[in-house]
Amino acid sequence: MMISFGNASGPVEPVSLLTLAAKGSLKLTRTTLFTFLADHDRCRAMARHLFEKMQSGAVRANIGQRWPLEEIAEAHRALEARETTGSTVITL
């Protein structure tokens, strides 16, 4: 199964459904964040599940850079210029 999420690289090229079937009943879905945020209880349950996984070490955040709040303009410039990787953390 392939899940397409986000659009930073632009639109995805067309995919032939016949090709997916010929390669073994492959699946492709295009999800949106708002589908999962629409149900508040579901959103809270998913957040709780994620944070439990992070606390256990099963999932780790890739923090690529940290910026002090005083340099927020530079942080935005770097994000807009696509000069960042992973998560960006703003510190007080």
# chains A, B, ... in the order shown; residues from 1 in each chain; ligands from 1

$ residues_around --residues "region 33-49 of chain A" --least-positions-apart "2" --cutoff "12 Å" --atoms "only C-alpha atoms" --output "ChimeraX atom specification"
/A:4-7,30-31,51-56,58-59

$ select_by_dssp --residues "chain A" --states "helix (DSSP H, G or I)" --output "PyMOL selection string"
chain A and resi 17-22+33-37+40-56+69-80

$ residues_around --residues "Ser87 (chain A)" --least-positions-apart "6" --cutoff "10 Å" --atoms "only C-alpha atoms" --output "ChimeraX atom specification"
/A:61-66

$ write_last_selection --atoms "N, CA and C atoms" --output "PDB file, in the first residue's frame"
ATOM      1  N   ALA A  61      11.364  11.546  16.887  1.00  0.00           N
ATOM      2  CA  ALA A  61      11.255  12.748  16.056  1.00  0.00           C
ATOM      3  C   ALA A  61      12.636  13.087  15.516  1.00  0.00           C
ATOM      4  N   ASN A  62      12.705  13.394  14.242  1.00  0.00           N
ATOM      5  CA  ASN A  62      13.949  13.833  13.626  1.00  0.00           C
ATOM      6  C   ASN A  62      13.992  15.353  13.710  1.00  0.00           C
ATOM      7  N   ILE A  63      14.674  15.877  14.709  1.00  0.00           N
ATOM      8  CA  ILE A  63      14.789  17.325  14.861  1.00  0.00           C
ATOM      9  C   ILE A  63      16.026  17.762  14.086  1.00  0.00           C
ATOM     10  N   GLY A  64      15.783  18.426  12.970  1.00  0.00           N
ATOM     11  CA  GLY A  64      16.869  18.828  12.096  1.00  0.00           C
ATOM     12  C   GLY A  64      17.533  20.126  12.493  1.00  0.00           C
ATOM     13  N   GLN A  65      16.790  21.012  13.132  1.00  0.00           N
ATOM     14  CA  GLN A  65      17.356  22.303  13.509  1.00  0.00           C
ATOM     15  C   GLN A  65      16.517  22.931  14.612  1.00  0.00           C
ATOM     16  N   ARG A  66      17.188  23.761  15.394  1.00  0.00           N
ATOM     17  CA  ARG A  66      16.536  24.513  16.468  1.00  0.00           C
ATOM     18  C   ARG A  66      16.870  25.985  16.265  1.00  0.00           C
TER      19      ARG A  66
END

$ residues_around --residues "Thr29 (chain A)" --least-positions-apart "5" --cutoff "8 Å" --atoms "only C-alpha atoms" --output "PyMOL selection string"
chain A and resi 1-4

$ write_last_selection --atoms "C-alpha atoms" --output "short mmCIF file (atom, residue, chain, number, x, y, z; two decimals), in the first residue's frame"
data_model
loop_
_atom_site.label_atom_id
_atom_site.label_comp_id
_atom_site.auth_asym_id
_atom_site.auth_seq_id
_atom_site.Cartn_x
_atom_site.Cartn_y
_atom_site.Cartn_z
CA MET A 1 0.00 0.00 0.00
CA MET A 2 1.23 3.49 -0.81
CA ILE A 3 -0.13 6.49 1.05
CA SER A 4 0.42 9.92 -0.48
#

$ closest_residue --among "A:Thr19, A:Val12, A:Ile90, A:Gly57" --to "Ile72 (chain A)" --atoms "only C-alpha atoms"
A:Ile90

$ select_by_dssp --residues "chain A" --states "strand (DSSP E or B)" --output "short mmCIF file (atom, residue, chain, number, x, y, z; two decimals) with C-alpha atoms, in the first residue's frame"
data_model
loop_
_atom_site.label_atom_id
_atom_site.label_comp_id
_atom_site.auth_asym_id
_atom_site.auth_seq_id
_atom_site.Cartn_x
_atom_site.Cartn_y
_atom_site.Cartn_z
CA MET A 2 1.23 3.49 -0.81
CA ILE A 3 -0.13 6.49 1.05
CA SER A 4 0.42 9.92 -0.48
CA LEU A 28 -2.84 3.78 -3.40
CA THR A 29 -4.62 6.32 -1.23
CA ARG A 30 -4.47 10.09 -0.94
CA ILE A 63 14.79 17.33 14.86
CA GLY A 64 16.87 18.83 12.10
CA GLN A 65 17.36 22.30 13.51
CA ARG A 66 16.54 24.51 16.47
CA TRP A 67 16.05 28.26 16.32
CA PRO A 68 15.75 30.70 19.24
CA SER A 87 11.34 18.97 12.33
CA THR A 88 12.16 22.57 13.15
CA VAL A 89 11.97 23.50 16.82
CA ILE A 90 11.64 27.09 18.06
CA THR A 91 13.08 27.60 21.55
#

$ residues_around --residues "Arg82 (chain A)" --least-positions-apart "6" --cutoff "12 Å" --atoms "only C-alpha atoms" --output "VMD selection string"
chain A and resid 8 to 9 75 to 76 88

$ atom_distance --atom1 "CA of Leu79 (chain A)" --atom2 "CA of Gly10 (chain A)"
16.5 Å

$ atom_distance --atom1 "CA of Ala78 (chain A)" --atom2 "CA of Leu92 (chain A)"
18.5 Å

$ atom_distance --atom1 "CA of Arg60 (chain A)" --atom2 "CA of Gly86 (chain A)"
11.0 Å
